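What follows is a set of notes on a single structure, which appears directly below.
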Amino acid sequence: MGQKVHPNGLRVGITKDHVAHWFAPKSNFGPDLVQDSKIREFVKKELSGAFVSKILIERRGSKGQERIKVIVRTARPGMVIGRGGQGREILRKKLVDEFKSNIEVDVEDIPVPDLDAQLIAENVASQIEKRVTFRRAMKQAIFRARRSGAKGIKIMVSGRLGGAEVARSEWLREGRVPLQTLRADIDYGFAEAHTIYGIIGVKVWLYVNDFSEHAKFASPVIPVATNVKHDNLPLEEGDIGHDDA
């Protein structure tokens with residue numbers, strides 16, 4: 001069988017950057033790594049409805065005087081920031097109380113949510129949990145991604161699909177998905193749908209574009225000002241949503 005390599009791990013240091021920026025001696029590396037994981041889990045839980053794609057962590061300073069910066073990449077920054085920045089400050093205080101560290105919170109906008117593999121995977125998983133047929137959810141996600149300008153997309157779902165007795169995997173692909181081409185900007189996302197039959201895994205490979213020869217660590221996000229307003233408008237079924245800041 002073919003051996004699979006994580007698309008992001010394959011490109012780290014070439015066209016993709018690390019999701020954590022810090023250096024620690026051997027004695028502190030393990031605790032800091034565990035804390036990173038707990039911070040991501042905490043933020044993801046607190047912002048479960050804000051379409052958070054990635055959580056980047058930066059550390060500055062020595063132990064005891066360390067400053068931690070948490071960068072939240074989301075399709076709905078207004079929901080995270082809140083009115084006048086109140087939402088971001090509440091999140092920061094919760095993080096400080098939980099982890100007893102000097103923590104700052106920054107927010108970055110994802111301008112096109114339908115071109116983010118993690119958001120697509122979570123959206124498909126959410127649709128499956130709402131008892132939408134998995135094929136329909138996959139086709140809708142592929143249609144929206146291609147409409148937004150993706151050169152190719154592949155979605156795979158695995159588990160007891162449709163409540164079947166035997167678990168299986170099914171996938172759909174449209175366009176090109178060159179996984180072994182390092183200059184190709186392949187975004188990867190994974191999510192789980194918790195159904196009454198069990199857990200269904202969703203994987204998404206998204207081919208957005210090619211990196212230019214000199215564009216290293218290119219990032220499809222832009223920073224957001226603190227005065228972003230957000231209207232809590234209801235979303236249509238299957239819509240990821242985005243703040244028009």
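Residues are referred to by chain and number: the chain letter is A, B, ... according to the order shown in the structure tokens, the number counts from 1 in that chain, and ligands are numbered separately from 1 in the order shown.
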
Inset, instruction - Quick one: everything within 9 Å of region 86-100 of chain A, counting only C-alpha atoms, minus sequence neighbours fewer than 5 positions away in the same chain. Send it as a count of residues only. - result: 13

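When DSSP reads the backbone of this structure, the residues of region 18-104 of chain A it assigns to strand (DSSP E or B) are Ala20, His21, Val52, Ser53, Lys54, Ile55, Leu56, Ile57, Glu58, Arg59, Arg60, Arg67, Ile68, Lys69, Val70, Ile71, Val72, Arg73, Thr74, Asn102, Ile103 and Glu104 of chain A.
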
Inset, instruction - Write out as a ChimeraX atom specification the residues lying within 7 Å of Glu170 (chain A), counting only C-alpha atoms and excluding same-chain residues fewer than 5 positions away. - result: /A:156-158

Requested write-out: all heavy atoms of the selected residues, as a short mmCIF file (atom, residue, chain, number, x, y, z; two decimals), in the first residue's frame:
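Writing the result to out24.cif gives the following:
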```
data_model
loop_
_atom_site.label_atom_id
_atom_site.label_comp_id
_atom_site.auth_asym_id
_atom_site.auth_seq_id
_atom_site.Cartn_x
_atom_site.Cartn_y
_atom_site.Cartn_z
N MET A 156 -12.11 12.92 1.94
CA MET A 156 -12.30 11.51 2.29
C MET A 156 -13.03 11.41 3.62
O MET A 156 -12.71 12.13 4.57
CB MET A 156 -10.94 10.79 2.39
CG MET A 156 -11.06 9.34 2.86
SD MET A 156 -9.44 8.53 3.05
CE MET A 156 -8.99 8.33 1.33
N VAL A 157 -14.01 10.54 3.68
CA VAL A 157 -14.71 10.26 4.93
C VAL A 157 -14.56 8.78 5.24
O VAL A 157 -14.57 7.94 4.33
CB VAL A 157 -16.20 10.65 4.85
CG1 VAL A 157 -16.36 12.15 4.73
CG2 VAL A 157 -16.89 9.96 3.68
N SER A 158 -14.39 8.46 6.52
CA SER A 158 -14.19 7.08 6.95
C SER A 158 -14.99 6.79 8.20
O SER A 158 -15.09 7.65 9.08
CB SER A 158 -12.70 6.81 7.22
OG SER A 158 -11.92 7.06 6.08
#
```

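Compared by their closest atoms to Gly82 (chain A), and using only C-alpha atoms, the residues A:Val208, A:Ala50, A:Ile199, A:Ala137 rank with A:Ala50 nearest.
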
Inset, instruction - Find, counting only C-alpha atoms, the residue in A:Lys69, A:Arg144, A:Lys151, A:Arg135 that gets nearest to Leu172 (chain A). - result: A:Arg135

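Between CA of Ala75 (chain A) and CA of Arg11 (chain A) the interatomic distance comes to 23.8 Å.
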
Inset, instruction - Considering only C-alpha atoms, state which residue in the set A:Pro111, A:Gly13, A:Gly30, A:Pro25 is at the smallest distance from Ser62 (chain A). - result: A:Pro25

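Nearest to Phe134 (chain A) of all the residues A:Gln65, A:Ser27, A:Asn209, A:Ser169 is A:Ser169, based on only C-alpha atoms.
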
Inset, instruction - Using only C-alpha atoms, find the one residue out of A:Leu33, A:Ile128, A:Ile110, A:Ile55 that sits nearest to His194 (chain A). - result: A:Ile128

Inset, instruction - Might you pull out every residue within 10 Å of Ser126 (chain A), with only C-alpha atoms counted and same-chain residues fewer than 3 positions away left off, and present them as a ChimeraX atom specification? - result: /A:120-123,129-132,137,191-194,237-238

Legend entry - Residue nearest Phe211 (chain A) - candidates A:Arg136, A:Arg183, A:Arg59, A:Arg73, atoms counted: only C-alpha atoms: A:Arg183

Inset, instruction - Could you please determine the separation between CA of Ala150 (chain A) and CA of His21 (chain A) in Å, to one decimal place? - result: 28.9 Å

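Here CA of Pro178 (chain A) stands at a distance of 22.3 Å from CA of Val124 (chain A).
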
Legend entry - Close residues, Leu115 (chain A) itself excluded, 9 Å, only C-alpha atoms, min 6 positions apart in chain, as a list in words: Arg144, Ala145, Arg146, Ser148, Gly149, Ala150, Asp187, Leu206, Tyr207 and Val208 of chain A

Inset, instruction - Could you find all residues in region 18-97 of chain A that DSSP calls alpha helix (DSSP H) from the backbone, and write them as a PyMOL selection string? - result: chain A and resi 26-46+77-81+86-97

Those same residues - N, CA and C atoms - I'd like them written as a tab-separated table (two decimals), in the first residue's frame.
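Generated output (out_10.tsv):
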```tsv
chain	number	residue	atom	x	y	z
A	26	LYS	N	16.26	21.50	27.18
A	26	LYS	CA	15.70	20.15	27.30
A	26	LYS	C	14.78	20.01	28.50
A	27	SER	N	15.12	20.68	29.60
A	27	SER	CA	14.32	20.53	30.82
A	27	SER	C	12.94	21.17	30.70
A	28	ASN	N	12.79	22.18	29.82
A	28	ASN	CA	11.51	22.88	29.68
A	28	ASN	C	10.75	22.49	28.42
A	29	PHE	N	11.39	21.76	27.53
A	29	PHE	CA	10.75	21.49	26.23
A	29	PHE	C	9.45	20.70	26.40
A	30	GLY	N	9.48	19.62	27.18
A	30	GLY	CA	8.29	18.80	27.37
A	30	GLY	C	7.13	19.56	27.97
A	31	PRO	N	7.33	20.25	29.13
A	31	PRO	CA	6.21	21.02	29.72
A	31	PRO	C	5.66	22.09	28.79
A	32	ASP	N	6.54	22.78	28.04
A	32	ASP	CA	6.06	23.81	27.12
A	32	ASP	C	5.24	23.21	25.98
A	33	LEU	N	5.67	22.04	25.50
A	33	LEU	CA	4.94	21.39	24.42
A	33	LEU	C	3.55	20.95	24.87
A	34	VAL	N	3.48	20.41	26.09
A	34	VAL	CA	2.19	19.99	26.65
A	34	VAL	C	1.30	21.20	26.87
A	35	GLN	N	1.89	22.31	27.34
A	35	GLN	CA	1.10	23.52	27.56
A	35	GLN	C	0.56	24.07	26.25
A	36	ASP	N	1.36	24.02	25.18
A	36	ASP	CA	0.88	24.43	23.86
A	36	ASP	C	-0.37	23.66	23.46
A	37	SER	N	-0.33	22.35	23.64
A	37	SER	CA	-1.46	21.50	23.29
A	37	SER	C	-2.69	21.86	24.11
A	38	LYS	N	-2.49	22.10	25.41
A	38	LYS	CA	-3.63	22.44	26.28
A	38	LYS	C	-4.20	23.81	25.94
A	39	ILE	N	-3.32	24.75	25.58
A	39	ILE	CA	-3.80	26.08	25.18
A	39	ILE	C	-4.66	25.99	23.93
A	40	ARG	N	-4.21	25.19	22.95
A	40	ARG	CA	-4.99	25.04	21.72
A	40	ARG	C	-6.34	24.40	22.00
A	41	GLU	N	-6.36	23.37	22.84
A	41	GLU	CA	-7.62	22.72	23.19
A	41	GLU	C	-8.55	23.69	23.91
A	42	PHE	N	-8.01	24.49	24.82
A	42	PHE	CA	-8.81	25.44	25.58
A	42	PHE	C	-9.42	26.50	24.67
A	43	VAL	N	-8.59	27.08	23.79
A	43	VAL	CA	-9.08	28.13	22.89
A	43	VAL	C	-10.10	27.56	21.91
A	44	LYS	N	-9.85	26.36	21.40
A	44	LYS	CA	-10.78	25.74	20.46
A	44	LYS	C	-12.14	25.51	21.11
A	45	LYS	N	-12.13	25.12	22.39
A	45	LYS	CA	-13.37	24.88	23.11
A	45	LYS	C	-14.10	26.19	23.39
A	46	GLU	N	-13.35	27.22	23.79
A	46	GLU	CA	-13.97	28.50	24.10
A	46	GLU	C	-14.56	29.16	22.85
A	77	PRO	N	-13.63	36.95	12.80
A	77	PRO	CA	-12.87	37.67	13.82
A	77	PRO	C	-13.73	38.52	14.75
A	78	GLY	N	-14.84	39.04	14.22
A	78	GLY	CA	-15.71	39.86	15.06
A	78	GLY	C	-16.28	39.09	16.23
A	79	MET	N	-16.54	37.79	16.05
A	79	MET	CA	-17.05	36.97	17.13
A	79	MET	C	-16.00	36.76	18.21
A	80	VAL	N	-14.73	36.71	17.81
A	80	VAL	CA	-13.64	36.52	18.78
A	80	VAL	C	-13.32	37.83	19.48
A	81	ILE	N	-13.23	38.93	18.72
A	81	ILE	CA	-12.83	40.22	19.28
A	81	ILE	C	-13.93	40.83	20.14
A	86	GLN	N	-13.80	43.53	23.72
A	86	GLN	CA	-14.13	42.90	24.99
A	86	GLN	C	-14.00	41.38	24.92
A	87	GLY	N	-14.41	40.80	23.81
A	87	GLY	CA	-14.34	39.34	23.68
A	87	GLY	C	-12.91	38.84	23.75
A	88	ARG	N	-11.99	39.53	23.09
A	88	ARG	CA	-10.58	39.13	23.13
A	88	ARG	C	-10.01	39.27	24.53
A	89	GLU	N	-10.39	40.34	25.25
A	89	GLU	CA	-9.88	40.54	26.60
A	89	GLU	C	-10.41	39.47	27.56
A	90	ILE	N	-11.67	39.08	27.38
A	90	ILE	CA	-12.25	38.01	28.22
A	90	ILE	C	-11.51	36.71	27.98
A	91	LEU	N	-11.22	36.40	26.71
A	91	LEU	CA	-10.48	35.19	26.39
A	91	LEU	C	-9.08	35.23	27.00
A	92	ARG	N	-8.42	36.40	26.93
A	92	ARG	CA	-7.07	36.53	27.49
A	92	ARG	C	-7.08	36.28	28.99
A	93	LYS	N	-8.06	36.85	29.70
A	93	LYS	CA	-8.14	36.67	31.15
A	93	LYS	C	-8.40	35.20	31.51
A	94	LYS	N	-9.22	34.54	30.72
A	94	LYS	CA	-9.48	33.11	30.97
A	94	LYS	C	-8.21	32.29	30.80
A	95	LEU	N	-7.43	32.62	29.76
A	95	LEU	CA	-6.17	31.91	29.53
A	95	LEU	C	-5.19	32.16	30.66
A	96	VAL	N	-5.10	33.41	31.13
A	96	VAL	CA	-4.19	33.74	32.23
A	96	VAL	C	-4.59	33.00	33.50
A	97	ASP	N	-5.89	32.97	33.80
A	97	ASP	CA	-6.36	32.27	35.00
A	97	ASP	C	-6.13	30.77	34.90
```
